[in-house]
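Peer 1: My file is run-v2.cif. It has mmCIF, C-alpha atoms and all ligand atoms:
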```
data_entry
#
loop_
_atom_site.label_atom_id
_atom_site.label_comp_id
_atom_site.auth_asym_id
_atom_site.auth_seq_id
_atom_site.Cartn_x
_atom_site.Cartn_y
_atom_site.Cartn_z
CA MET L 11 26.61 9.46 18.04
CA LEU L 12 24.28 9.46 21.05
CA ALA L 13 23.29 6.03 22.34
CA ALA L 14 19.54 5.27 21.96
CA MET L 15 17.61 5.94 25.15
CA THR L 16 16.58 2.91 27.13
CA LEU L 17 13.42 2.66 29.18
CA ALA L 18 12.04 -0.19 31.26
CA ILE L 19 8.47 -0.55 32.47
CA VAL L 20 8.79 -2.77 35.53
CA ASN L 21 6.44 -4.28 38.08
CA ILE L 22 3.58 -4.75 35.61
CA GLY L 23 0.74 -6.73 37.23
CA GLU L 24 -1.03 -7.56 33.94
CA LEU L 25 0.63 -7.01 30.58
CA VAL L 26 -1.93 -7.08 27.76
CA THR L 27 0.35 -7.91 24.80
CA LEU L 28 -2.05 -8.80 21.96
CA ALA L 29 0.91 -10.81 20.66
CA GLY L 30 0.23 -13.26 17.85
CA PRO L 31 0.18 -13.73 14.09
CA GLU L 32 0.02 -10.62 11.90
CA HIS L 33 -3.65 -10.74 10.99
CA TYR L 34 -6.68 -9.18 12.55
CA ARG L 35 -8.26 -11.20 15.31
CA THR L 36 -11.58 -12.90 14.63
CA GLY L 37 -14.06 -15.10 16.46
CA ALA L 38 -12.85 -16.69 19.70
CA TRP L 39 -9.39 -15.32 19.02
CA MET L 40 -10.63 -11.79 19.87
CA GLN L 41 -10.95 -13.06 23.42
CA ASP L 42 -7.21 -13.83 23.69
CA VAL L 43 -5.40 -10.63 24.65
CA GLY L 44 -2.08 -12.35 25.28
CA LEU L 45 -2.02 -11.67 29.00
CA VAL L 46 1.29 -11.96 30.91
CA HIS L 47 1.31 -11.58 34.69
CA ASN L 48 4.25 -10.00 36.57
CA ALA L 49 5.83 -8.64 33.45
CA THR L 50 8.49 -6.22 32.24
CA VAL L 51 8.76 -4.26 28.99
CA GLN L 52 12.16 -3.04 27.84
CA ILE L 53 12.52 -0.33 25.22
CA LYS L 54 15.49 0.91 23.26
CA GLY L 55 14.99 4.11 21.30
CA SER L 56 11.50 3.88 19.86
CA ARG L 57 11.33 0.06 19.80
CA ILE L 58 10.38 -2.69 22.21
CA ILE L 59 13.31 -5.05 22.82
CA TYR L 60 11.67 -7.31 25.40
CA ALA L 61 8.08 -7.88 26.57
CA GLY L 62 7.34 -10.82 28.85
CA PRO L 63 7.71 -12.29 32.33
CA ALA L 64 9.86 -10.15 34.62
CA ALA L 65 11.71 -13.29 35.71
CA ASP L 66 13.00 -13.85 32.14
CA ALA L 67 13.89 -10.23 31.35
CA PRO L 68 17.52 -9.84 30.22
CA ASP L 69 19.84 -7.41 32.00
CA MET L 70 19.88 -3.99 30.39
CA PRO L 71 23.39 -2.56 30.20
CA GLY L 72 24.09 1.11 30.95
CA GLU L 73 21.77 3.75 32.29
CA VAL L 74 18.10 2.81 32.14
CA ASP L 75 15.11 5.03 32.86
CA GLU L 76 12.50 3.10 34.79
CA VAL L 77 8.74 3.43 35.10
CA ASP L 78 7.39 1.44 38.06
CA ALA L 79 3.91 0.28 37.07
CA GLY L 80 3.17 -0.62 40.69
CA GLY L 81 1.41 -3.88 39.84
CA ARG L 82 -0.95 -2.15 37.40
CA VAL L 83 -2.22 -2.99 33.91
CA VAL L 84 -0.25 -2.10 30.76
CA THR L 85 -1.87 -2.23 27.31
CA PRO L 86 -0.78 -1.23 23.82
CA GLY L 87 -1.61 2.40 23.04
CA PHE L 88 -5.21 2.70 21.89
CA ILE L 89 -5.80 3.37 18.20
CA ASP L 90 -8.83 5.46 17.25
CA ALA L 91 -9.62 4.37 13.69
CA HIS L 92 -12.49 6.80 12.96
CA THR L 93 -12.47 10.46 14.01
CA HIS L 94 -13.55 13.84 12.67
CA LEU L 95 -11.09 15.64 14.95
CA VAL L 96 -10.63 18.84 12.91
CA PHE L 97 -13.60 21.24 12.94
CA GLY L 98 -14.65 24.71 13.96
CA GLY L 99 -17.37 25.60 16.46
CA ASN L 100 -19.57 23.15 18.31
CA ARG L 101 -23.16 21.89 18.15
CA ILE L 102 -24.28 22.47 21.73
CA ASP L 103 -27.50 24.14 20.54
CA GLU L 104 -28.37 21.04 18.52
CA PHE L 105 -27.63 18.89 21.56
CA GLU L 106 -30.30 20.82 23.43
CA ARG L 107 -32.70 20.71 20.46
CA ARG L 108 -32.36 16.92 20.43
CA ILE L 109 -33.08 16.80 24.15
CA ARG L 110 -36.26 18.76 23.45
CA GLY L 111 -37.36 16.23 20.84
CA GLU L 112 -35.95 17.07 17.39
CA SER L 113 -34.07 14.23 15.73
CA TYR L 114 -30.55 14.34 14.25
CA GLU L 115 -32.07 13.83 10.80
CA GLU L 116 -34.65 16.62 11.27
CA ILE L 117 -31.99 19.05 12.42
CA ALA L 118 -29.86 18.17 9.38
CA ALA L 119 -32.83 18.59 7.02
CA ARG L 120 -33.39 22.08 8.51
CA GLY L 121 -29.86 23.16 7.56
CA GLY L 122 -28.10 22.21 10.81
CA GLY L 123 -25.97 19.13 11.40
CA ILE L 124 -22.92 18.67 9.21
CA ARG L 125 -23.72 21.91 7.33
CA SER L 126 -23.60 23.96 10.51
CA THR L 127 -20.11 22.63 11.30
CA MET L 128 -19.21 23.24 7.65
CA THR L 129 -19.98 26.96 8.09
CA ALA L 130 -17.90 27.22 11.27
CA THR L 131 -15.04 25.28 9.68
CA ARG L 132 -15.03 27.35 6.49
CA GLU L 133 -14.87 30.51 8.62
CA ALA L 134 -12.00 29.30 10.84
CA THR L 135 -8.38 30.06 9.95
CA ASP L 136 -5.75 27.34 9.60
CA MET L 137 -4.28 28.43 12.93
CA GLU L 138 -7.62 28.31 14.74
CA LEU L 139 -8.34 24.81 13.46
CA LEU L 140 -4.84 23.66 14.34
CA THR L 141 -5.00 25.01 17.89
CA LEU L 142 -8.38 23.39 18.53
CA ALA L 143 -7.22 20.08 17.07
CA GLN L 144 -4.02 20.07 19.11
CA ARG L 145 -6.02 20.51 22.30
CA ARG L 146 -8.23 17.59 21.28
CA LEU L 147 -5.19 15.41 20.55
CA ALA L 148 -3.90 16.17 24.05
CA LEU L 149 -7.26 15.08 25.49
CA ALA L 150 -7.13 11.88 23.45
CA MET L 151 -3.64 11.20 24.81
CA ARG L 152 -5.00 11.44 28.35
CA CYS L 153 -7.47 8.70 27.38
CA GLY L 154 -4.59 6.49 26.20
CA THR L 155 -4.93 7.11 22.45
CA THR L 156 -1.55 6.98 20.71
CA ALA L 157 -2.67 6.82 17.05
CA LEU L 158 -5.69 8.10 15.14
CA GLU L 159 -7.37 8.37 11.78
CA ILE L 160 -8.67 11.89 11.08
CA LYS L 161 -11.16 12.82 8.35
CA SER L 162 -11.82 16.04 6.48
CA GLY L 163 -15.44 16.57 5.42
CA TYR L 164 -16.48 19.85 7.01
CA GLY L 165 -15.10 22.03 4.22
CA LEU L 166 -17.20 20.67 1.34
CA ASN L 167 -15.49 22.87 -1.22
CA GLU L 168 -11.99 22.42 -2.56
CA ARG L 169 -10.46 25.31 -0.67
CA ALA L 170 -11.86 24.41 2.75
CA GLU L 171 -11.28 20.66 2.32
CA LYS L 172 -7.65 21.36 1.45
CA LYS L 173 -7.42 23.59 4.52
CA MET L 174 -8.62 20.70 6.69
CA LEU L 175 -6.19 18.26 5.09
CA ARG L 176 -3.36 20.78 5.54
CA VAL L 177 -4.18 20.99 9.24
CA ILE L 178 -4.20 17.18 9.47
CA ALA L 179 -0.78 17.10 7.77
CA TRP L 180 0.58 19.62 10.29
CA LEU L 181 -0.83 17.58 13.15
CA ARG L 182 0.85 14.53 11.67
CA ASP L 183 4.22 16.30 11.55
CA ALA L 184 4.00 17.99 14.92
CA SER L 185 2.19 15.56 17.19
CA LYS L 186 3.49 12.58 19.08
CA GLN L 187 0.54 10.43 18.03
CA ARG L 188 0.58 8.65 14.69
CA ILE L 189 -2.07 10.02 12.31
CA ALA L 190 -3.73 8.83 9.08
CA ALA L 191 -5.56 11.34 6.86
CA THR L 192 -8.89 10.64 5.16
CA TYR L 193 -10.57 12.80 2.53
CA LEU L 194 -14.31 12.88 3.25
CA GLY L 195 -15.34 15.21 0.43
CA ALA L 196 -18.66 13.34 0.13
CA HIS L 197 -19.83 13.94 3.72
CA THR L 198 -22.97 15.80 2.73
CA VAL L 199 -24.22 17.93 -0.16
CA PRO L 200 -22.97 21.51 0.35
CA PRO L 201 -25.53 24.35 0.09
CA GLU L 202 -24.05 25.49 -3.25
CA PHE L 203 -25.23 22.16 -4.72
CA ASP L 204 -28.66 21.98 -3.04
CA GLY L 205 -30.78 19.49 -4.97
CA LYS L 206 -27.79 18.70 -7.22
CA ALA L 207 -26.02 15.89 -5.40
CA ASP L 208 -25.08 14.21 -8.69
CA ALA L 209 -23.41 17.36 -9.96
CA TYR L 210 -21.43 17.62 -6.69
CA ILE L 211 -20.28 14.00 -7.02
CA ASP L 212 -19.31 14.72 -10.67
CA LEU L 213 -17.17 17.63 -9.49
CA LEU L 214 -15.48 15.49 -6.83
CA CYS L 215 -14.82 12.60 -9.22
CA GLN L 216 -13.58 14.69 -12.14
CA ASP L 217 -11.77 17.49 -10.39
CA THR L 218 -11.24 17.44 -6.62
CA LEU L 219 -10.42 13.76 -6.03
CA PRO L 220 -7.66 13.69 -8.68
CA LYS L 221 -6.11 16.82 -7.15
CA ILE L 222 -6.24 15.42 -3.61
CA ALA L 223 -4.68 12.15 -4.78
CA ARG L 224 -2.00 13.83 -6.91
CA GLY L 225 -1.04 16.14 -4.04
CA LYS L 226 -0.86 13.12 -1.69
CA LEU L 227 -3.07 15.06 0.71
CA ALA L 228 -4.87 11.95 2.02
CA ASP L 229 -4.30 8.24 2.56
CA TYR L 230 -7.98 7.28 2.34
CA ALA L 231 -11.26 8.50 0.86
CA ASP L 232 -14.56 8.19 2.71
CA VAL L 233 -18.24 8.83 1.94
CA PHE L 234 -21.48 9.15 3.94
CA CYS L 235 -24.04 6.88 2.25
CA GLU L 236 -27.41 7.78 3.80
CA ARG L 237 -30.76 9.39 3.09
CA GLY L 238 -30.13 13.14 3.15
CA ALA L 239 -26.44 12.61 2.21
CA PHE L 240 -25.48 10.36 -0.74
CA SER L 241 -27.34 7.49 -2.38
CA PRO L 242 -25.70 4.09 -2.89
CA ALA L 243 -25.21 4.90 -6.59
CA GLN L 244 -23.55 8.23 -5.83
CA ALA L 245 -21.42 6.72 -3.06
CA THR L 246 -20.28 3.95 -5.41
CA ARG L 247 -19.33 6.42 -8.11
CA TYR L 248 -17.27 8.48 -5.66
CA LEU L 249 -15.55 5.46 -4.09
CA LEU L 250 -14.60 3.90 -7.40
CA ALA L 251 -13.22 7.21 -8.67
CA ALA L 252 -11.18 7.57 -5.46
CA LYS L 253 -9.86 4.03 -5.90
CA ALA L 254 -8.93 4.70 -9.52
CA HIS L 255 -6.86 7.64 -8.28
CA GLY L 256 -4.98 5.43 -5.83
CA LEU L 257 -6.79 6.26 -2.60
CA ARG L 258 -7.73 3.47 -0.22
CA LEU L 259 -11.37 3.40 0.84
CA ARG L 260 -13.49 3.64 3.98
CA ALA L 261 -17.25 4.29 4.10
CA HIS L 262 -19.99 5.47 6.50
CA VAL L 263 -22.80 3.01 5.79
CA ASP L 264 -26.07 1.69 7.25
CA GLN L 265 -25.94 4.21 10.11
CA LEU L 266 -29.48 5.60 10.28
CA SER L 267 -31.25 3.33 7.82
CA ARG L 268 -30.61 0.20 5.83
CA SER L 269 -29.37 0.95 2.32
CA GLY L 270 -27.28 -2.11 1.49
CA GLY L 271 -24.28 -0.05 2.54
CA ALA L 272 -22.25 -2.97 3.81
CA GLU L 273 -22.70 -4.76 0.49
CA LEU L 274 -21.69 -1.57 -1.29
CA ALA L 275 -18.53 -1.16 0.83
CA ALA L 276 -17.63 -4.77 0.06
CA ALA L 277 -18.26 -4.40 -3.67
CA CYS L 278 -16.10 -1.26 -3.84
CA GLY L 279 -13.20 -2.90 -2.00
CA CYS L 280 -13.25 -0.70 1.11
CA PHE L 281 -10.74 -1.36 3.88
CA THR L 282 -13.46 -0.64 6.41
CA ALA L 283 -17.23 -0.26 6.58
CA ASP L 284 -18.11 2.05 9.45
CA HIS L 285 -21.24 2.35 11.66
CA LEU L 286 -23.33 -0.64 10.41
CA GLU L 287 -26.18 -0.14 12.89
CA TYR L 288 -28.68 -1.36 10.27
CA THR L 289 -26.52 -4.04 8.66
CA GLU L 290 -28.07 -7.48 8.49
CA GLU L 291 -26.83 -10.98 7.77
CA SER L 292 -26.35 -10.52 4.02
CA GLY L 293 -24.26 -7.42 4.66
CA ILE L 294 -22.13 -9.28 7.18
CA GLU L 295 -21.57 -12.07 4.65
CA SER L 296 -20.51 -9.56 2.01
CA LEU L 297 -18.00 -7.95 4.38
CA LEU L 298 -16.60 -11.36 5.21
CA ARG L 299 -16.18 -12.40 1.59
CA ALA L 300 -14.46 -9.12 0.71
CA ASN L 301 -12.22 -9.01 3.81
CA VAL L 302 -13.65 -5.68 4.96
CA GLN L 303 -13.22 -4.76 8.62
CA PRO L 304 -16.27 -3.33 10.41
CA VAL L 305 -15.61 -0.19 12.48
CA LEU L 306 -18.33 0.09 15.12
CA LEU L 307 -19.12 3.45 16.71
CA PRO L 308 -21.46 2.93 19.67
CA ALA L 309 -20.82 6.40 21.14
CA SER L 310 -22.67 7.93 18.18
CA VAL L 311 -25.71 5.74 18.87
CA HIS L 312 -25.58 6.72 22.53
CA ALA L 313 -25.09 10.44 21.89
CA LEU L 314 -27.95 10.61 19.40
CA GLY L 315 -30.22 8.99 21.98
CA LYS L 316 -30.88 6.06 19.65
CA THR L 317 -31.30 2.48 20.65
CA ARG L 318 -30.26 0.49 17.61
CA TYR L 319 -26.66 -0.61 18.10
CA PRO L 320 -24.71 -2.62 15.52
CA ASN L 321 -24.86 -6.39 15.83
CA ALA L 322 -21.30 -6.95 16.99
CA ARG L 323 -21.96 -10.51 18.20
CA ALA L 324 -23.09 -11.65 14.77
CA MET L 325 -20.05 -9.95 13.22
CA ILE L 326 -17.59 -11.55 15.64
CA GLU L 327 -19.21 -14.95 15.27
CA ALA L 328 -19.15 -14.64 11.48
CA GLY L 329 -15.39 -14.09 11.65
CA LEU L 330 -15.04 -10.35 10.99
CA GLY L 331 -12.10 -8.38 12.42
CA VAL L 332 -14.23 -6.01 14.47
CA VAL L 333 -12.85 -2.55 15.34
CA LEU L 334 -14.26 -0.01 17.80
CA ALA L 335 -13.67 3.74 17.42
CA THR L 336 -14.97 6.99 18.90
CA ASP L 337 -16.27 8.71 15.71
CA PHE L 338 -15.30 11.88 17.59
CA ASN L 339 -17.22 14.77 15.98
CA PRO L 340 -19.26 17.76 17.18
CA GLY L 341 -22.64 16.32 16.15
CA SER L 342 -23.16 12.64 16.74
CA SER L 343 -20.24 11.73 18.99
CA PRO L 344 -18.57 14.38 21.11
CA THR L 345 -16.18 12.04 22.93
CA LEU L 346 -12.48 11.28 22.58
CA SER L 347 -12.56 8.46 25.11
CA LEU L 348 -11.98 4.96 23.78
CA PRO L 349 -12.45 3.50 27.30
CA PHE L 350 -15.97 5.00 27.25
CA VAL L 351 -16.57 3.43 23.82
CA MET L 352 -15.29 0.09 25.15
CA SER L 353 -17.68 0.34 28.08
CA LEU L 354 -20.62 1.00 25.71
CA ALA L 355 -19.49 -1.92 23.56
CA CYS L 356 -19.59 -4.24 26.55
CA THR L 357 -22.97 -3.08 27.79
CA HIS L 358 -24.83 -2.59 24.50
CA LEU L 359 -22.95 -4.67 21.93
CA LYS L 360 -22.34 -7.51 24.40
CA MET L 361 -18.66 -7.59 23.60
CA THR L 362 -16.43 -8.86 26.39
CA PRO L 363 -13.72 -6.58 27.82
CA ALA L 364 -11.09 -8.70 26.03
CA GLU L 365 -12.90 -8.31 22.69
CA ALA L 366 -13.28 -4.57 23.25
CA ILE L 367 -9.55 -4.16 23.97
CA THR L 368 -8.64 -6.20 20.88
CA ALA L 369 -10.97 -3.95 18.85
CA VAL L 370 -9.17 -0.72 19.86
CA THR L 371 -5.62 -2.06 19.60
CA TYR L 372 -4.56 -4.83 17.25
CA ASN L 373 -7.69 -4.89 15.07
CA ALA L 374 -7.68 -1.10 14.83
CA ALA L 375 -4.02 -1.18 13.73
CA CYS L 376 -4.88 -3.73 11.02
CA CYS L 377 -7.62 -1.58 9.49
CA LEU L 378 -5.12 1.25 9.04
CA GLY L 379 -2.33 -1.00 7.74
CA TRP L 380 -0.24 -0.23 10.86
CA HIS L 381 -0.16 -3.71 12.40
CA ASN L 382 3.49 -4.40 11.58
CA GLU L 383 4.42 -1.57 13.90
CA LEU L 384 1.51 -0.80 16.23
CA GLY L 385 -1.33 -2.50 18.09
CA SER L 386 0.57 -5.03 20.19
CA ILE L 387 3.41 -5.13 22.69
CA GLU L 388 6.00 -7.36 21.05
CA GLU L 389 9.69 -7.29 20.28
CA ASP L 390 10.63 -4.90 17.45
CA LYS L 391 7.33 -3.08 17.53
CA ARG L 392 7.07 0.63 18.16
CA ALA L 393 6.89 1.30 21.91
CA ASP L 394 3.40 2.81 22.20
CA LEU L 395 1.86 1.71 25.47
CA VAL L 396 -0.25 2.83 28.41
CA VAL L 397 0.10 2.19 32.14
CA HIS L 398 -3.47 2.24 33.45
CA ASP L 399 -4.65 2.98 36.94
CA CYS L 400 -6.10 -0.47 37.51
CA ALA L 401 -5.03 -3.96 38.47
CA ASP L 402 -7.40 -6.01 36.25
CA TYR L 403 -7.71 -5.16 32.53
CA ARG L 404 -11.48 -5.60 32.70
CA GLU L 405 -11.68 -2.48 34.88
CA LEU L 406 -10.99 -0.46 31.71
CA CYS L 407 -14.52 -1.30 30.55
CA TYR L 408 -16.18 -1.71 33.94
CA TYR L 409 -15.64 1.76 35.36
CA ILE L 410 -17.48 4.32 33.26
CA GLY L 411 -16.07 7.69 32.37
CA SER L 412 -12.93 7.63 34.50
CA GLU L 413 -9.55 8.61 33.10
CA THR L 414 -7.49 5.50 33.64
CA ALA L 415 -4.28 6.38 31.82
CA ARG L 416 -1.44 7.15 34.24
CA VAL L 417 1.56 7.04 31.94
CA VAL L 418 1.44 7.05 28.13
CA VAL L 419 4.57 6.08 26.20
CA VAL L 420 4.71 6.96 22.50
CA GLY L 421 7.64 5.90 20.34
CA GLY L 422 9.64 4.96 23.44
CA ARG L 423 9.20 8.31 25.18
CA ILE L 424 6.92 9.31 28.02
CA ALA L 425 4.34 11.50 26.27
CA TYR L 426 1.98 11.88 29.22
CA ASN L 427 2.41 11.31 32.92
CA ARG L 428 -0.57 12.06 35.07
CA ASP L 429 1.69 12.67 38.06
CA GLY L 430 3.73 15.23 36.13
CA GLY L 431 6.98 14.81 34.23
CA GLY L 432 7.17 13.46 30.68
CA GLU L 433 8.25 15.53 27.68
O1 LIG F 501 -19.95 9.47 11.56
N1 LIG F 501 -22.55 10.16 9.77
C1 LIG F 501 -21.85 10.99 9.28
N2 LIG F 501 -20.81 11.60 9.85
C2 LIG F 501 -20.57 11.68 11.26
C3 LIG F 501 -21.38 12.74 11.89
C4 LIG F 501 -20.95 14.07 11.45
C5 LIG F 501 -21.69 15.20 12.12
O2 LIG F 501 -22.83 15.06 12.57
O3 LIG F 501 -21.05 16.27 12.14
C6 LIG F 501 -20.74 10.33 11.90
O4 LIG F 501 -21.61 10.11 12.75
FE FE F 502 -17.99 9.41 11.26
#
```
Could I get this file's structure written as structure tokens?
Peer 2:
Amino acid sequence: MLAAMTLAIVNIGELVTLAGPEHYRTGAWMQDVGLVHNATVQIKGSRIIYAGPAADAPDMPGEVDEVDAGGRVVTPGFIDAHTHLVFGGNRIDEFERRIRGESYEEIAARGGGIRSTMTATREATDMELLTLAQRRLALAMRCGTTALEIKSGYGLNERAEKKMLRVIAWLRDASKQRIAATYLGAHTVPPEFDGKADAYIDLLCQDTLPKIARGKLADYADVFCERGAFSPAQATRYLLAAKAHGLRLRAHVDQLSRSGGAELAAACGCFTADHLEYTEESGIESLLRANVQPVLLPASVHALGKTRYPNARAMIEAGLGVVLATDFNPGSSPTLSLPFVMSLACTHLKMTPAEAITAVTYNAACCLGWHNELGSIEEDKRADLVVHDCADYRELCYYIGSETARVVVVGGRIAYNRDGGGE
């Protein structure tokens, strides 16, 4: 039998470990990123066997591959807990229409928006979607993202939704990054059901959801609860049916208007409530009581040219396990960069760099049930980590739009090396 490969990351100036108890970080605890100066990480096979001060690192017997971090920052791999990474086409025309004054909602009401990506996605072959998605995963890797949640939701009929979920399953098997699959059948009302949203929800609840669950095609179900998409009553019906069929729940709520979406997500037992731009105190209290993690998506606010960002400070102070994600999609958030999202979170949500890093690592792992393995740099955890081109972890949020990842290690192997090499 071949001996497991050993790898040591040496000469780490700042090691951001996020080490601590196995529960999402809340309140002042989000500020503690478990920093170790002058550190070493040792890896055997896919697992971390030591992470701490270089001075205390044990000798590693045999041949050891070494990455010299050159005094730089090392963090856990970033986890993007909300993406729509699989889709056909793009929405560049809508981008320009918005610049000229039309709103996201107006464009959607005129048949564009999610429906326009639906058409392009229905028309694309499995192979075309897979190739596009693989390129996007490679871009995410360059931003330091080592695990992601990916949603369907641009098929909006059984055949095309299954095609999307098939592509996500292939990505999961073939890619280095860890991937969770979410069925977003209730993203918007498809044209075949114009004016008949209730009938579409009936179809999903009675027919499509049971098939998706039985086929184990998704880990989670998600819904877009908003004017022009689904009402709170319809969203609730869909979520409860998904839960009854064994799917775990996530929900897009309170994004463009206040609909009591946070309360709804709490009442349905969602793992996460996502967006929350319009969520107020009562919604925050409901999330807290029901243990729901908020997933905040400031890049979508930025890209839509809006100004109302979610109230992250109130959420952190209330004790919620705040997560940040890209919401990568062709309409409201065409970015795969979590460092960009972290920068927006600092500037607009008034989160500190430490809070932002916690929100894309340990807290993100928790909201996907991955925290026993991912999200922190600790003994026995999977070796997913990033050597960044900076000496102070706060630079990750301070510099805007620069690619900081130099070396990305996934499962103990070098998956990306900006200077060449890797596998
Ligand atoms: O999270 N809000 C709903 N869904 C996406 C946008 C999808 C799209 O515009 O294609 C979001 O912002
Ligand atoms: Fe989204």
Peer 1: For a quick check of understanding, using only C-alpha atoms, which of L:Leu395, L:Val199, L:Leu249, L:Leu158 has the smallest distance to L:Leu219?
Peer 2: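 Residue with the minimum atom-to-atom distance to L:Leu219: L:Leu249.
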Peer 1: Using all atoms listed in the file, list the residues that have an atom at most 9 Å from (-6.3, -2.1, 7.3), coordinates as in the file, as a PyMOL selection string.
Peer 2: chain L and resi 34+281-282+302-303+373-381
Peer 1: So that I can see what lies close to L:Gln41, please list as a PyMOL selection string the residues with an atom at most 10 Å from it, counting all atoms listed in the file and leaving out residues fewer than 5 positions away in the same chain.
Peer 2: chain L and resi 28+35-36+361-368
Peer 1: Those residues you just picked out, can you put them in a file as a PDB file, in the frame of the given file with C-alpha atoms?
Peer 2:
```pdb
ATOM      1  CA  LEU L  28      -2.050  -8.800  21.960  1.00  0.00           C
ATOM      2  CA  ARG L  35      -8.260 -11.200  15.310  1.00  0.00           C
ATOM      3  CA  THR L  36     -11.580 -12.900  14.630  1.00  0.00           C
ATOM      4  CA  MET L 361     -18.660  -7.590  23.600  1.00  0.00           C
ATOM      5  CA  THR L 362     -16.430  -8.860  26.390  1.00  0.00           C
ATOM      6  CA  PRO L 363     -13.720  -6.580  27.820  1.00  0.00           C
ATOM      7  CA  ALA L 364     -11.090  -8.700  26.030  1.00  0.00           C
ATOM      8  CA  GLU L 365     -12.900  -8.310  22.690  1.00  0.00           C
ATOM      9  CA  ALA L 366     -13.280  -4.570  23.250  1.00  0.00           C
ATOM     10  CA  ILE L 367      -9.550  -4.160  23.970  1.00  0.00           C
ATOM     11  CA  THR L 368      -8.640  -6.200  20.880  1.00  0.00           C
TER      12      THR L 368
END
```
Peer 1: Ligand FE 502 (chain F): which residues are within 7 Å, counting all atoms listed in the file, as a list in words?
Peer 2: His92, Thr93, His94, His262 and Asp337 of chain L
Peer 1: Select, from L:Ala243, L:Ala313, L:Leu330, L:Ile387, the residue with the minimum atom-to-atom distance to L:Leu354, counting only C-alpha atoms.
Peer 2: L:Ala313
Peer 1: List the spatial neighbours of stretch 343-353 of chain L as a PyMOL selection string - criterion: any atom at most 9 Å away, all atoms listed in the file, same-chain residues fewer than 5 positions off excluded.
Peer 2: chain L and resi 88-90+93+95+146-147+149-150+152-155+307-314+334-338+358+361+363+366-367+369-370+406-414
Peer 1: What does the list of residues within 6 Å of ligand LIG 501 (chain F) look like if you count all atoms listed in the file, written as a compact mmCIF listing (two decimals) with C-alpha atoms, in the frame of the given file?
Peer 2:
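Dumped everything to pocket_17.txt:
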```txt
# COMPACT_ATOMS: atom_id res chain seq x y z
CA GLY L 123 -25.97 19.13 11.40
CA ILE L 124 -22.92 18.67 9.21
CA PHE L 234 -21.48 9.15 3.94
CA SER L 310 -22.67 7.93 18.18
CA ASP L 337 -16.27 8.71 15.71
CA ASN L 339 -17.22 14.77 15.98
CA PRO L 340 -19.26 17.76 17.18
CA GLY L 341 -22.64 16.32 16.15
CA SER L 342 -23.16 12.64 16.74
```
Peer 1: Tell me which protein, DNA and RNA residues are within 6 Å of stretch 160-169 of chain L, counting all atoms listed in the file, leaving out same-chain ones fewer than 2 positions away, and put them as a ChimeraX atom specification.
Peer 2: /L:93-95,128,132,171-172,174,191-195,197,200
Peer 1: Using C-alpha atoms, can you write the selected residues to a file as a JSON list (two decimals), in the coordinates of the input?
Peer 2:
```
[["chain", "number", "residue", "atom", "x", "y", "z"],
["L", 93, "THR", "CA", -12.47, 10.46, 14.01],
["L", 94, "HIS", "CA", -13.55, 13.84, 12.67],
["L", 95, "LEU", "CA", -11.09, 15.64, 14.95],
["L", 128, "MET", "CA", -19.21, 23.24, 7.65],
["L", 132, "ARG", "CA", -15.03, 27.35, 6.49],
["L", 171, "GLU", "CA", -11.28, 20.66, 2.32],
["L", 172, "LYS", "CA", -7.65, 21.36, 1.45],
["L", 174, "MET", "CA", -8.62, 20.70, 6.69],
["L", 191, "ALA", "CA", -5.56, 11.34, 6.86],
["L", 192, "THR", "CA", -8.89, 10.64, 5.16],
["L", 193, "TYR", "CA", -10.57, 12.80, 2.53],
["L", 194, "LEU", "CA", -14.31, 12.88, 3.25],
["L", 195, "GLY", "CA", -15.34, 15.21, 0.43],
["L", 197, "HIS", "CA", -19.83, 13.94, 3.72],
["L", 200, "PRO", "CA", -22.97, 21.51, 0.35]]
```
Peer 1: Return the single residue from L:Pro201, L:Lys221, L:Lys253, L:Asn301 that is closest to L:Ala239, with distances computed using all atoms listed in the file.
Peer 2: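 Smallest distance to L:Ala239 is found for L:Pro201.
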Peer 1: Expressed in Å to a single decimal, how great is the separation between atom CA of L:Glu295 and atom CA of L:Cys356?
Peer 2: 23.3 Å
Peer 1: Which polymer residues have any atom within 8 Å of an atom of L:Arg258, counting all atoms listed in the file, with same-chain residues fewer than 3 positions away left out, as a list in words?
Peer 2: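 The residues satisfying every condition are Asp229, Tyr230, Ala231, Ala252, Lys253, Cys280 and Phe281 of chain L.
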Peer 1: As an exercise, work out the distance from atom CA of L:Gln216 to atom CA of L:Gly238 in Å and give it to one decimal place.
Peer 2: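 Taking atom CA of L:Gln216 as the start and atom CA of L:Gly238 as the end point, the length is 22.6 Å.
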Peer 1: When you look at L:Ala130 with a cut-off of 9 Å (counting all atoms listed in the file), what residues show up, excluding the ones that are within fewer than 5 positions of it in the same chain? I need them as a list of chain:residue names.
Peer 2: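 Near neighbours after the sequence-gap exclusion: L:Phe97, L:Gly98, L:Gly99, L:Asn100, L:Arg125, L:Tyr164.
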Peer 1: Here's a test: counting all atoms listed in the file, identify every protein, DNA and RNA residue with an atom at most 8 Å from (-22.0, -6.1, -0.8) in the file's coordinate frame, and state them as JSON, numbers by chain.
Peer 2: {"L": [270, 271, 272, 273, 274, 275, 276, 277, 292, 293, 296, 297]}
Peer 1: Out of L:Arg237, L:Arg120, L:Lys226, L:Arg110, which residue has the shortest atom-to-atom distance to L:Gly256 when counting all atoms listed in the file?
Peer 2: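 Smallest distance to L:Gly256 is found for L:Lys226.
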